[in-house]
file upload-v8.txt (compact mmCIF, C-alpha atoms and all ligand atoms)
# COMPACT_ATOMS: atom_id res chain seq x y z
CA MET R 649 -15.88 35.93 -198.66
CA GLN R 650 -15.98 32.83 -196.50
CA LEU R 651 -19.35 31.65 -195.31
CA GLU R 652 -20.36 28.97 -192.84
CA VAL R 653 -23.73 27.39 -193.61
CA ILE R 654 -25.81 25.72 -190.91
CA GLY R 655 -29.01 23.91 -191.94
CA ILE R 656 -31.57 23.10 -189.24
CA GLY R 657 -34.64 20.86 -189.62
CA GLY R 658 -35.77 19.11 -192.82
CA ALA R 659 -35.73 22.13 -195.14
CA GLY R 660 -32.58 23.57 -193.60
CA CYS R 661 -30.64 20.32 -194.07
CA ARG R 662 -31.73 19.96 -197.71
CA ILE R 663 -30.95 23.59 -198.52
CA ALA R 664 -27.53 23.30 -196.86
CA ASP R 665 -26.86 20.26 -199.08
CA ALA R 666 -27.94 22.21 -202.15
CA ILE R 667 -25.65 25.15 -201.30
CA ARG R 668 -22.75 22.75 -200.87
CA ALA R 669 -23.50 21.30 -204.30
CA ALA R 670 -23.71 24.80 -205.83
CA GLU R 671 -20.24 25.85 -204.67
CA PRO R 672 -18.16 26.39 -207.84
CA ALA R 673 -15.20 23.98 -207.88
CA ASP R 674 -12.80 26.77 -208.84
CA HIS R 675 -14.32 29.36 -206.57
CA SER R 676 -14.86 28.12 -203.04
CA PHE R 677 -16.72 30.36 -200.62
CA LEU R 678 -17.73 27.91 -197.89
CA THR R 679 -15.73 27.29 -194.74
CA ASP R 680 -18.02 24.52 -193.48
CA VAL R 681 -21.53 23.22 -193.98
CA PHE R 682 -23.26 21.75 -190.91
CA VAL R 683 -26.66 20.10 -190.61
CA PHE R 684 -28.63 19.81 -187.36
CA ASP R 685 -31.90 17.99 -186.81
CA THR R 686 -33.82 16.06 -184.20
CA ASP R 687 -34.56 13.47 -186.89
CA ALA R 688 -31.69 11.07 -187.62
CA ALA R 689 -33.21 9.97 -190.95
CA THR R 690 -33.08 13.52 -192.38
CA LEU R 691 -29.45 13.85 -191.36
CA GLN R 692 -28.57 10.55 -193.00
CA ARG R 693 -30.08 11.65 -196.28
CA THR R 694 -27.73 14.62 -196.58
CA VAL R 695 -24.37 14.38 -198.31
CA VAL R 696 -22.70 16.43 -195.59
CA PRO R 697 -19.87 14.43 -193.96
CA GLU R 698 -20.80 12.58 -190.76
CA SER R 699 -18.55 14.85 -188.67
CA HIS R 700 -20.69 17.84 -189.70
CA ARG R 701 -24.07 16.30 -188.89
CA HIS R 702 -25.51 16.52 -185.43
CA GLN R 703 -28.68 15.03 -183.99
CA TYR R 704 -30.01 16.78 -180.92
CA GLY R 705 -33.04 16.71 -178.65
CA GLN R 706 -33.14 12.96 -177.99
CA GLY R 707 -34.44 12.00 -174.57
CA THR R 708 -35.74 15.50 -173.81
CA GLY R 709 -39.40 14.48 -173.94
CA ILE R 710 -39.97 16.58 -177.08
CA ASP R 711 -42.21 14.96 -179.63
CA ALA R 712 -43.54 15.80 -183.05
CA ASP R 713 -46.77 17.27 -181.65
CA ASP R 714 -45.10 19.84 -179.44
CA ASP R 715 -46.00 23.39 -180.32
CA LEU R 716 -43.55 26.04 -181.39
CA GLU R 717 -43.36 27.69 -177.94
CA ARG R 718 -42.08 24.44 -176.50
CA ARG R 719 -39.60 24.17 -179.40
CA PHE R 720 -38.32 27.68 -178.69
CA GLU R 721 -37.52 26.45 -175.17
CA MET R 722 -35.83 23.42 -176.64
CA GLY R 723 -33.76 25.69 -178.87
CA GLU R 724 -32.56 27.61 -175.79
CA THR R 725 -31.65 24.36 -174.07
CA HIS R 726 -29.62 23.05 -177.00
CA ALA R 727 -27.98 26.20 -178.40
CA GLU R 728 -24.68 25.67 -176.57
CA GLU R 729 -24.58 22.01 -177.61
CA LEU R 730 -24.99 23.09 -181.24
CA LEU R 731 -22.20 25.67 -180.89
CA GLU R 732 -19.97 22.89 -179.58
CA ALA R 733 -20.84 20.74 -182.61
CA LEU R 734 -19.57 23.56 -184.86
CA GLU R 735 -16.12 23.15 -183.31
CA GLN R 736 -15.67 20.15 -185.63
CA GLY R 737 -15.07 22.81 -188.28
CA THR R 738 -13.44 26.25 -188.29
CA PRO R 739 -16.23 28.64 -187.31
CA GLY R 740 -13.74 31.31 -186.23
CA GLU R 741 -12.51 31.66 -189.82
CA SER R 742 -15.91 32.55 -191.27
CA ASP R 743 -16.76 36.08 -192.33
CA ALA R 744 -20.42 35.30 -191.77
CA PHE R 745 -22.85 32.53 -190.86
CA LEU R 746 -25.92 31.57 -192.86
CA VAL R 747 -28.53 29.65 -190.87
CA ALA R 748 -30.94 27.90 -193.26
CA VAL R 749 -34.38 26.97 -192.05
CA GLY R 750 -37.87 26.24 -193.35
CA LEU R 751 -40.37 28.48 -191.58
CA GLY R 752 -43.64 26.73 -190.92
CA GLY R 753 -42.23 23.70 -189.11
CA ALA R 754 -41.33 23.42 -185.46
CA THR R 755 -37.80 22.04 -185.39
CA GLY R 756 -35.90 24.52 -187.55
CA GLY R 757 -38.13 27.49 -186.70
CA GLY R 758 -37.97 26.57 -182.99
CA THR R 759 -34.19 26.25 -182.87
CA ALA R 760 -33.03 29.04 -185.19
CA PRO R 761 -33.67 32.04 -182.90
CA ALA R 762 -31.67 30.62 -179.97
CA LEU R 763 -28.85 29.42 -182.25
CA VAL R 764 -28.66 32.78 -184.03
CA ALA R 765 -28.48 34.58 -180.67
CA ALA R 766 -25.75 32.21 -179.44
CA LEU R 767 -23.71 32.67 -182.63
CA GLN R 768 -23.99 36.46 -182.34
CA ARG R 769 -22.75 36.29 -178.75
CA ARG R 770 -19.83 33.96 -179.50
CA TYR R 771 -18.51 35.27 -182.83
CA ASP R 772 -17.70 38.65 -184.23
CA ALA R 773 -19.35 37.85 -187.57
CA SER R 774 -22.72 38.56 -189.12
CA VAL R 775 -25.37 35.88 -188.69
CA TYR R 776 -27.78 35.78 -191.62
CA VAL R 777 -30.87 33.60 -191.78
CA LEU R 778 -32.05 31.98 -194.99
CA ALA R 779 -35.73 31.24 -194.44
CA THR R 780 -38.33 29.59 -196.65
CA LEU R 781 -41.92 30.78 -196.25
CA PRO R 782 -44.69 28.16 -196.28
CA ALA R 783 -47.02 27.73 -199.26
CA ASP R 784 -50.75 28.43 -198.80
CA ARG R 785 -51.77 24.85 -199.51
CA GLU R 786 -49.82 23.67 -196.45
CA PHE R 787 -52.03 25.54 -193.98
CA ASP R 788 -55.12 26.57 -195.95
CA PRO R 789 -57.40 23.71 -197.05
CA ASP R 790 -59.18 26.09 -199.46
CA ALA R 791 -56.00 27.31 -201.11
CA ASP R 792 -56.67 25.41 -204.34
CA ALA R 793 -60.43 25.66 -204.50
CA GLY R 794 -61.70 28.78 -206.20
CA ASP R 795 -58.46 30.66 -205.74
CA THR R 796 -58.10 32.94 -208.70
CA GLY R 797 -55.44 35.16 -207.20
CA PRO R 798 -51.82 35.40 -208.25
CA HIS R 799 -50.91 32.25 -206.33
CA SER R 800 -53.72 30.12 -207.73
CA ARG R 801 -53.20 26.51 -208.78
CA THR R 802 -54.89 24.85 -211.70
CA THR R 803 -54.72 21.34 -210.30
CA ALA R 804 -55.12 20.17 -206.73
CA ALA R 805 -52.41 17.89 -205.41
CA ALA R 806 -54.73 14.93 -205.18
CA GLY R 807 -53.20 11.98 -203.43
CA SER R 808 -50.26 14.04 -202.19
CA ASP R 809 -48.48 12.42 -199.28
CA GLU R 810 -47.54 15.81 -197.88
CA PRO R 811 -49.23 16.17 -194.48
CA PRO R 812 -51.02 19.48 -193.95
CA ARG R 813 -49.42 21.92 -191.54
CA PRO R 814 -52.33 23.95 -190.17
CA THR R 815 -49.98 26.00 -187.99
CA ALA R 816 -47.46 26.76 -190.75
CA ALA R 817 -48.41 30.44 -191.21
CA SER R 818 -48.56 31.08 -187.44
CA ASN R 819 -45.26 29.28 -186.91
CA ALA R 820 -43.61 31.29 -189.68
CA VAL R 821 -44.85 34.59 -188.26
CA ALA R 822 -43.81 33.66 -184.70
CA THR R 823 -40.29 32.63 -185.76
CA LEU R 824 -39.85 35.78 -187.86
CA GLU R 825 -40.87 37.87 -184.84
CA ARG R 826 -38.33 36.06 -182.67
CA LEU R 827 -35.58 36.61 -185.23
CA GLU R 828 -36.24 40.35 -185.28
CA GLY R 829 -33.30 42.01 -183.54
CA LEU R 830 -31.30 38.74 -183.48
CA ALA R 831 -30.58 37.94 -187.13
CA SER R 832 -28.31 40.35 -188.98
CA ALA R 833 -30.67 39.93 -191.96
CA VAL R 834 -33.33 37.45 -193.09
CA VAL R 835 -33.15 36.28 -196.70
CA CYS R 836 -36.57 34.92 -197.68
CA PHE R 837 -37.60 32.32 -200.22
CA ASP R 838 -41.36 32.09 -200.70
CA ASN R 839 -42.30 28.50 -201.54
CA GLU R 840 -45.75 29.64 -202.68
CA ALA R 841 -44.36 31.71 -205.53
CA TRP R 842 -42.06 28.94 -206.75
CA LEU R 843 -44.63 26.14 -207.03
CA ARG R 844 -45.87 25.16 -210.44
CA PRO R 845 -49.55 24.43 -210.92
CA GLY R 846 -50.56 21.31 -209.01
CA GLU R 847 -47.25 20.86 -207.25
CA THR R 848 -46.73 20.37 -203.53
CA VAL R 849 -43.73 21.79 -201.70
CA SER R 850 -42.15 18.33 -201.61
CA ASP R 851 -42.66 17.92 -205.37
CA ALA R 852 -40.95 21.23 -205.98
CA ARG R 853 -38.34 21.19 -203.29
CA ASP R 854 -35.30 19.88 -205.20
CA ARG R 855 -35.81 22.40 -207.99
CA SER R 856 -36.54 25.21 -205.51
CA ASN R 857 -33.48 24.35 -203.45
CA ARG R 858 -31.27 24.39 -206.54
CA GLU R 859 -32.63 27.79 -207.60
CA LEU R 860 -32.10 29.20 -204.13
CA ALA R 861 -28.64 27.67 -203.71
CA GLY R 862 -27.53 29.05 -207.08
CA ARG R 863 -28.50 32.56 -205.98
CA VAL R 864 -26.75 32.18 -202.64
CA ALA R 865 -23.57 30.97 -204.35
CA ALA R 866 -23.66 33.81 -206.88
CA VAL R 867 -23.98 36.44 -204.15
CA PHE R 868 -21.62 35.06 -201.53
CA ALA R 869 -18.91 33.71 -203.84
CA GLY R 870 -19.19 37.09 -205.58
CA GLY R 871 -15.98 38.44 -206.99
CA GLY R 872 -14.01 37.29 -203.96
CA GLY R 873 -13.84 33.74 -202.65
CA GLU R 874 -10.82 31.49 -202.97
CA SER R 875 -9.76 31.49 -206.60
CA ASP R 876 -6.56 31.24 -208.61
CA GLY R 877 -8.19 32.75 -211.68
CA PRO R 878 -8.40 36.36 -212.89
CA VAL R 879 -9.11 38.96 -210.24
CA ALA R 880 -12.33 40.95 -210.39
CA GLN R 881 -12.08 44.64 -211.33
CA ASN R 882 -14.40 45.36 -208.48
CA VAL R 883 -14.30 42.71 -205.77
CA ILE R 884 -17.32 42.31 -203.54
CA ASP R 885 -15.97 41.34 -200.13
CA ALA R 886 -17.51 40.42 -196.79
CA SER R 887 -17.70 44.03 -195.63
CA ASP R 888 -19.63 45.01 -198.79
CA VAL R 889 -22.13 42.22 -198.20
CA GLU R 890 -22.36 43.28 -194.57
CA ARG R 891 -22.98 46.88 -195.57
CA ILE R 892 -25.84 45.91 -197.86
CA LEU R 893 -27.49 43.24 -195.71
CA GLY R 894 -27.00 45.36 -192.58
CA ASN R 895 -27.35 44.19 -188.99
CA GLU R 896 -30.93 45.11 -188.24
CA SER R 897 -32.80 41.99 -189.37
CA ALA R 898 -33.71 43.47 -192.76
CA ILE R 899 -35.92 41.33 -194.98
CA VAL R 900 -33.98 40.43 -198.11
CA ALA R 901 -35.02 39.21 -201.57
CA LEU R 902 -32.57 37.79 -204.11
CA GLY R 903 -32.85 38.19 -207.86
CA TYR R 904 -30.98 36.40 -210.59
CA GLY R 905 -30.67 36.40 -214.34
CA ASP R 906 -28.42 34.47 -216.66
CA GLN R 907 -27.76 33.89 -220.31
CA ASP R 908 -25.73 31.15 -221.99
CA VAL R 909 -22.95 32.51 -224.17
CA GLU R 910 -20.72 30.93 -226.75
CA THR R 911 -17.16 31.14 -225.59
CA LYS R 912 -15.39 28.89 -228.09
CA ARG R 913 -14.86 29.20 -231.83
CA SER R 914 -15.40 25.86 -233.47
CA ARG R 915 -12.72 24.64 -235.82
CA PHE R 916 -14.73 21.58 -236.69
CA GLY R 917 -13.27 19.74 -239.64
CA LEU R 918 -9.82 21.30 -239.36
CA GLY R 919 -8.72 18.87 -236.67
CA LEU R 920 -7.95 21.75 -234.33
CA LEU R 921 -9.09 22.24 -230.77
CA PRO R 922 -11.75 24.93 -230.29
CA THR R 923 -10.23 28.28 -229.40
CA GLU R 924 -11.43 31.32 -227.46
CA ARG R 925 -13.65 33.35 -229.71
CA ASP R 926 -13.60 37.13 -230.04
CA VAL R 927 -16.56 38.81 -228.44
CA GLU R 928 -18.20 41.80 -230.12
CA THR R 929 -18.66 44.70 -227.72
CA SER R 930 -22.30 44.99 -228.69
CA GLU R 931 -23.10 41.36 -227.84
CA ALA R 932 -21.27 41.57 -224.50
CA VAL R 933 -23.17 44.78 -223.65
CA SER R 934 -26.45 43.20 -224.65
CA ALA R 935 -25.81 40.06 -222.55
CA VAL R 936 -24.97 42.12 -219.46
CA GLU R 937 -28.00 44.38 -219.97
CA THR R 938 -30.27 41.35 -220.34
CA VAL R 939 -29.11 39.56 -217.20
CA VAL R 940 -29.20 42.72 -215.09
CA ARG R 941 -32.76 43.42 -216.22
CA LYS R 942 -33.80 39.85 -215.36
CA GLY R 943 -31.99 40.08 -212.02
CA VAL R 944 -33.70 43.28 -210.92
CA HIS R 945 -37.11 42.94 -212.55
CA GLY R 946 -37.48 39.17 -212.94
CA LYS R 947 -38.68 36.65 -210.40
CA LEU R 948 -37.34 37.27 -206.91
CA THR R 949 -37.01 34.79 -204.05
CA LEU R 950 -39.63 36.94 -202.30
CA GLU R 951 -42.13 38.90 -204.36
CA CYS R 952 -41.79 42.61 -203.61
CA ASP R 953 -41.48 45.94 -205.31
CA PRO R 954 -37.71 46.48 -205.77
CA GLU R 955 -38.31 50.19 -205.20
CA THR R 956 -39.10 49.48 -201.54
CA ALA R 957 -35.54 48.20 -200.99
CA ALA R 958 -33.34 50.33 -198.79
CA ARG R 959 -30.10 48.92 -200.20
CA GLY R 960 -28.99 46.79 -203.14
CA LEU R 961 -26.06 44.78 -204.38
CA LEU R 962 -25.32 43.71 -207.95
CA VAL R 963 -22.78 41.05 -208.91
CA VAL R 964 -22.27 40.49 -212.63
CA GLY R 965 -20.29 37.38 -213.50
CA GLY R 966 -19.19 35.26 -216.41
CA PRO R 967 -16.26 34.72 -218.78
CA PRO R 968 -13.97 37.78 -218.50
CA THR R 969 -14.26 38.76 -222.17
CA TRP R 970 -18.04 39.07 -221.72
CA LEU R 971 -17.90 41.34 -218.68
CA ASN R 972 -18.05 44.66 -220.49
CA ARG R 973 -17.03 47.21 -217.88
CA GLN R 974 -19.27 50.00 -219.09
CA ALA R 975 -22.28 47.71 -219.24
CA VAL R 976 -21.58 46.46 -215.70
CA ALA R 977 -21.33 50.08 -214.48
CA GLU R 978 -24.53 50.91 -216.35
CA GLY R 979 -26.23 47.93 -214.66
CA ARG R 980 -25.27 49.31 -211.30
CA ARG R 981 -26.68 52.70 -212.25
CA ALA R 982 -29.91 50.97 -213.28
CA LEU R 983 -30.13 49.35 -209.84
CA GLN R 984 -29.35 52.71 -208.25
CA SER R 985 -32.20 54.34 -210.10
CA THR R 986 -34.52 51.69 -208.65
CA VAL R 987 -33.20 51.50 -205.09
CA GLY R 988 -31.81 54.98 -204.54
CA GLU R 989 -28.47 56.68 -205.00
CA ASN R 990 -26.55 55.81 -201.88
CA GLY R 991 -27.40 52.28 -200.99
CA VAL R 992 -26.03 50.34 -203.96
CA LEU R 993 -22.78 48.45 -204.41
CA GLY R 994 -21.69 46.50 -207.46
CA GLY R 995 -18.96 44.11 -208.45
CA ASP R 996 -17.89 41.67 -211.10
CA ALA R 997 -17.12 37.98 -210.82
CA PRO R 998 -14.88 36.66 -213.61
CA ARG R 999 -15.45 32.97 -214.32
CA PRO R 1000 -12.89 31.98 -216.98
CA ASP R 1001 -14.43 28.54 -217.52
CA GLY R 1002 -18.02 29.77 -217.28
CA GLU R 1003 -20.43 29.53 -220.18
CA THR R 1004 -23.05 31.90 -218.84
CA VAL R 1005 -23.18 35.58 -218.06
CA PHE R 1006 -25.13 36.12 -214.85
CA ALA R 1007 -26.36 38.87 -212.56
CA ALA R 1008 -27.10 38.24 -208.89
CA VAL R 1009 -29.08 40.95 -207.14
CA VAL R 1010 -29.61 41.54 -203.43
CA LEU R 1011 -32.51 43.76 -202.39
CA ALA R 1012 -32.31 44.47 -198.67
CA GLY R 1013 -34.91 46.06 -196.42
CA VAL R 1014 -37.80 45.30 -198.77
CA GLU R 1015 -41.48 45.41 -197.95
CA SER R 1016 -43.48 42.43 -199.12
CA ASP R 1017 -47.21 41.79 -199.34
CA ARG R 1018 -46.52 38.08 -198.90
CA LEU R 1019 -45.38 38.63 -195.32
CA GLU R 1020 -48.55 40.63 -194.74
CA GLU R 1021 -50.61 37.73 -196.15
CA LEU R 1022 -48.97 35.30 -193.72
CA ARG R 1023 -49.62 37.66 -190.81
CA ALA R 1024 -53.28 37.91 -191.86
CA ALA R 1025 -53.51 34.09 -192.06
CA ASP R 1026 -52.01 33.91 -188.57
CA ARG R 1027 -54.56 36.40 -187.20
CA ALA R 1028 -57.41 34.52 -188.85
CA ALA R 1029 -56.26 31.15 -187.43
N1 LIG R 1101 -37.79 25.32 -200.28
C1 LIG R 1101 -37.99 24.28 -199.48
N2 LIG R 1101 -38.91 24.34 -198.50
C2 LIG R 1101 -39.07 23.26 -197.71
C3 LIG R 1101 -38.32 22.08 -197.87
N3 LIG R 1101 -38.75 21.19 -196.96
C4 LIG R 1101 -39.69 21.80 -196.23
N4 LIG R 1101 -39.90 23.06 -196.68
C5 LIG R 1101 -40.73 24.11 -196.07
O1 LIG R 1101 -40.28 24.24 -194.74
C6 LIG R 1101 -41.34 24.09 -193.81
C7 LIG R 1101 -40.84 23.34 -192.61
O2 LIG R 1101 -40.56 22.00 -192.98
P1 LIG R 1101 -39.36 21.20 -192.31
O3 LIG R 1101 -38.09 21.95 -192.47
O4 LIG R 1101 -39.40 19.81 -192.80
O5 LIG R 1101 -39.78 21.23 -190.77
P2 LIG R 1101 -38.84 21.09 -189.50
O6 LIG R 1101 -38.16 22.37 -189.21
O7 LIG R 1101 -37.97 19.87 -189.69
O8 LIG R 1101 -39.90 20.88 -188.34
P3 LIG R 1101 -40.94 19.72 -188.03
O9 LIG R 1101 -41.08 18.87 -189.27
O10 LIG R 1101 -42.21 20.45 -187.69
O11 LIG R 1101 -40.35 19.00 -186.88
C8 LIG R 1101 -42.43 23.39 -194.60
O12 LIG R 1101 -43.67 23.80 -194.09
C9 LIG R 1101 -42.21 23.84 -196.02
O13 LIG R 1101 -42.86 25.07 -196.28
C10 LIG R 1101 -37.32 22.05 -198.90
O14 LIG R 1101 -36.57 21.08 -199.09
N5 LIG R 1101 -37.20 23.17 -199.65

call {"tool": "encode", "arguments": {"input": "upload-v8.txt", "output": "structure tokens"}}
result
Amino acid sequence: MQLEVIGIGGAGCRIADAIRAAEPADHSFLTDVFVFDTDAATLQRTVVPESHRHQYGQGTGIDADDDLERRFEMGETHAEELLEALEQGTPGESDAFLVAVGLGGATGGGTAPALVAALQRRYDASVYVLATLPADREFDPDADAGDTGPHSRTTAAAGSDEPPRPTAASNAVATLERLEGLASAVVCFDNEAWLRPGETVSDARDRSNRELAGRVAAVFAGGGGESDGPVAQNVIDASDVERILGNESAIVALGYGDQDVETKRSRFGLGLLPTERDVETSEAVSAVETVVRKGVHGKLTLECDPETAARGLLVVGGPPTWLNRQAVAEGRRALQSTVGENGVLGGDAPRPDGETVFAAVVLAGVESDRLEELRAADRAA
């Protein structure tokens, strides 16, 4: 499928960059990548071409201290201007939009709802939101001290230059509420769960953005995309993604698992080039089983019980000789037994030059305690 990515605010711009970098050279799935921010410096740090960067909000009397309500108004004021900026690309050719934003701040979270609504009005395509959730340490000064829960840290980020964001949880909750009924679906990435002990969000952000971007590329490039290589047995297209993500602002978690595989037989010493090696059925089956298990039951972008998902999608990719059809079908049945019979689609994504077998998993309509925690932090604020 063909996806247009729009990053707004600091996090959104960096994530958009990371998705651009994660696009497989032989398997393009992006129409355009745009970045929007009120801050010129953030835009300049992206690798997105100048024509696809747009600074907005200058001279409108908005400053860094303005609260989110005021930023929602600003978003309304600038939504049409941002739609115009997209005309530098080919928005009409996209099967879907993905608006990337870091919840917790004011710029991205303030602009996204109005932009999503404007995109839905103008285009006949789904508008998904990719939203990071703030980490506890951003808004809770006690998050490191005496926290023995699942998100505990062993070292405080002493001397961190990351300014606290006391309103991060409230901002995140308010933006999510605004997106309800506007976004076709909201894919969440919980920064808290992806921090290593002692790290701040800025320490972790490049790694986190790569992890997230890799998952996005695996799902949206799927078995379709623009490729000259072998065709998937079971192509996941835009309508499949639409069916699974839905159009009712479902909360979505992404899972991923991969395993490196040896694709070449070494003829070292014989002066011959390495050749394709034969793959035993049992090792192909085992690789597919392993990555599917990691994808469904491993670390998700948002912690949740996969059984709460209303719908699921499984894409298994890798070198064609490793994509054992029966194992891929069995993987889909495994996801079905977790999510439920009717809401699961599966496909394969042959990557002739790939050296990993991977499974990308979409769990849509999940319930997550983390969102409840942020709502509780908002009520307590
Ligand atoms: N995963 C990830 N999260 C980020 C990144 N940068 C910021 N965040 C998160 O996103 C939230 C919002 O930060 P920004 O995107 O910089 O904020 P903004 O939308 O530009 O808004 P203001 O800075 O308030 O004007 C932060 O509270 C972090 O939780 C990033 O590069 N990756």

call {"tool": "residues_around", "arguments": {"input": "upload-v8.txt", "residues": "Thr679 (chain R)", "least_positions_apart": "3", "cutoff": "10 Å", "atoms": "all atoms listed in the file", "output": "PDB file with C-alpha atoms, in the frame of the given file"}}
result
ATOM      1  CA  MET R 649     -15.880  35.930-198.660  1.00  0.00           C
ATOM      2  CA  GLN R 650     -15.980  32.830-196.500  1.00  0.00           C
ATOM      3  CA  LEU R 651     -19.350  31.650-195.310  1.00  0.00           C
ATOM      4  CA  GLU R 652     -20.360  28.970-192.840  1.00  0.00           C
ATOM      5  CA  VAL R 653     -23.730  27.390-193.610  1.00  0.00           C
ATOM      6  CA  SER R 676     -14.860  28.120-203.040  1.00  0.00           C
ATOM      7  CA  GLY R 737     -15.070  22.810-188.280  1.00  0.00           C
ATOM      8  CA  THR R 738     -13.440  26.250-188.290  1.00  0.00           C
ATOM      9  CA  PRO R 739     -16.230  28.640-187.310  1.00  0.00           C
ATOM     10  CA  GLY R 740     -13.740  31.310-186.230  1.00  0.00           C
ATOM     11  CA  GLU R 741     -12.510  31.660-189.820  1.00  0.00           C
ATOM     12  CA  SER R 742     -15.910  32.550-191.270  1.00  0.00           C
ATOM     13  CA  ASP R 743     -16.760  36.080-192.330  1.00  0.00           C
ATOM     14  CA  ALA R 744     -20.420  35.300-191.770  1.00  0.00           C
ATOM     15  CA  PHE R 745     -22.850  32.530-190.860  1.00  0.00           C
TER      16      PHE R 745
END

call {"tool": "closest_residue", "arguments": {"input": "upload-v8.txt", "among": "R:Ala816, R:Val944, R:Ala1007, R:Leu971", "to": "Thr986 (chain R)", "atoms": "only C-alpha atoms"}}
result
R:Val944

call {"tool": "residues_near_ligand", "arguments": {"input": "upload-v8.txt", "ligand": "ligand LIG 1101 (chain R)", "cutoff": "8 Å", "atoms": "only C-alpha atoms and all ligand atoms", "output": "PDB file with C-alpha atoms, in the frame of the given file"}}
result
ATOM      1  CA  ILE R 656     -31.570  23.100-189.240  1.00  0.00           C
ATOM      2  CA  GLY R 657     -34.640  20.860-189.620  1.00  0.00           C
ATOM      3  CA  GLY R 658     -35.770  19.110-192.820  1.00  0.00           C
ATOM      4  CA  ALA R 659     -35.730  22.130-195.140  1.00  0.00           C
ATOM      5  CA  GLY R 660     -32.580  23.570-193.600  1.00  0.00           C
ATOM      6  CA  CYS R 661     -30.640  20.320-194.070  1.00  0.00           C
ATOM      7  CA  ARG R 662     -31.730  19.960-197.710  1.00  0.00           C
ATOM      8  CA  ILE R 663     -30.950  23.590-198.520  1.00  0.00           C
ATOM      9  CA  ASP R 685     -31.900  17.990-186.810  1.00  0.00           C
ATOM     10  CA  THR R 686     -33.820  16.060-184.200  1.00  0.00           C
ATOM     11  CA  ASP R 687     -34.560  13.470-186.890  1.00  0.00           C
ATOM     12  CA  ALA R 712     -43.540  15.800-183.050  1.00  0.00           C
ATOM     13  CA  VAL R 749     -34.380  26.970-192.050  1.00  0.00           C
ATOM     14  CA  GLY R 750     -37.870  26.240-193.350  1.00  0.00           C
ATOM     15  CA  LEU R 751     -40.370  28.480-191.580  1.00  0.00           C
ATOM     16  CA  GLY R 752     -43.640  26.730-190.920  1.00  0.00           C
ATOM     17  CA  GLY R 753     -42.230  23.700-189.110  1.00  0.00           C
ATOM     18  CA  ALA R 754     -41.330  23.420-185.460  1.00  0.00           C
ATOM     19  CA  THR R 755     -37.800  22.040-185.390  1.00  0.00           C
ATOM     20  CA  GLY R 756     -35.900  24.520-187.550  1.00  0.00           C
ATOM     21  CA  GLY R 757     -38.130  27.490-186.700  1.00  0.00           C
ATOM     22  CA  GLY R 758     -37.970  26.570-182.990  1.00  0.00           C
ATOM     23  CA  THR R 780     -38.330  29.590-196.650  1.00  0.00           C
ATOM     24  CA  LEU R 781     -41.920  30.780-196.250  1.00  0.00           C
ATOM     25  CA  PRO R 782     -44.690  28.160-196.280  1.00  0.00           C
ATOM     26  CA  ALA R 783     -47.020  27.730-199.260  1.00  0.00           C
ATOM     27  CA  GLU R 786     -49.820  23.670-196.450  1.00  0.00           C
ATOM     28  CA  ARG R 813     -49.420  21.920-191.540  1.00  0.00           C
ATOM     29  CA  ALA R 816     -47.460  26.760-190.750  1.00  0.00           C
ATOM     30  CA  PHE R 837     -37.600  32.320-200.220  1.00  0.00           C
ATOM     31  CA  ASP R 838     -41.360  32.090-200.700  1.00  0.00           C
ATOM     32  CA  ASN R 839     -42.300  28.500-201.540  1.00  0.00           C
ATOM     33  CA  VAL R 849     -43.730  21.790-201.700  1.00  0.00           C
ATOM     34  CA  SER R 850     -42.150  18.330-201.610  1.00  0.00           C
ATOM     35  CA  ALA R 852     -40.950  21.230-205.980  1.00  0.00           C
ATOM     36  CA  ARG R 853     -38.340  21.190-203.290  1.00  0.00           C
ATOM     37  CA  ASP R 854     -35.300  19.880-205.200  1.00  0.00           C
ATOM     38  CA  SER R 856     -36.540  25.210-205.510  1.00  0.00           C
ATOM     39  CA  ASN R 857     -33.480  24.350-203.450  1.00  0.00           C
ATOM     40  CA  LEU R 860     -32.100  29.200-204.130  1.00  0.00           C
TER      41      LEU R 860
END

call {"tool": "closest_residue", "arguments": {"input": "upload-v8.txt", "among": "R:Arg863, R:Leu950, R:Glu1021, R:Asn819", "to": "Glu717 (chain R)", "atoms": "all atoms listed in the file"}}
result
R:Asn819

call {"tool": "residues_around", "arguments": {"input": "upload-v8.txt", "residues": "His702 (chain R)", "least_positions_apart": "4", "cutoff": "10 Å", "atoms": "all atoms listed in the file", "output": "JSON, numbers by chain"}}
result
{"R": [656, 682, 683, 684, 685, 686, 687, 688, 691, 698, 729, 730, 733, 734]}

call {"tool": "residues_around", "arguments": {"input": "upload-v8.txt", "residues": "Gln736 (chain R)", "least_positions_apart": "5", "cutoff": "10 Å", "atoms": "all atoms listed in the file", "output": "number ranges by chain"}}
result
R: 680, 682, 699-701, 731

call {"tool": "residues_around", "arguments": {"input": "upload-v8.txt", "residues": "Val835 (chain R)", "least_positions_apart": "3", "cutoff": "7 Å", "atoms": "only C-alpha atoms", "output": "list in words"}}
result
Val777, Leu778, Ala779, Ile899, Val900 and Ala901 of chain R

call {"tool": "closest_residue", "arguments": {"input": "upload-v8.txt", "among": "R:Arg981, R:Arg1018, R:Arg693, R:Arg891", "to": "Thr949 (chain R)", "atoms": "all atoms listed in the file"}}
result
R:Arg1018

call {"tool": "atom_distance", "arguments": {"input": "upload-v8.txt", "atom1": "CA of Pro697 (chain R)", "atom2": "CA of Val681 (chain R)"}}
result
8.9 Å

call {"tool": "closest_residue", "arguments": {"input": "upload-v8.txt", "among": "R:Ser897, R:Thr848, R:Ser985, R:Thr725", "to": "Glu828 (chain R)", "atoms": "only C-alpha atoms"}}
result
R:Ser897
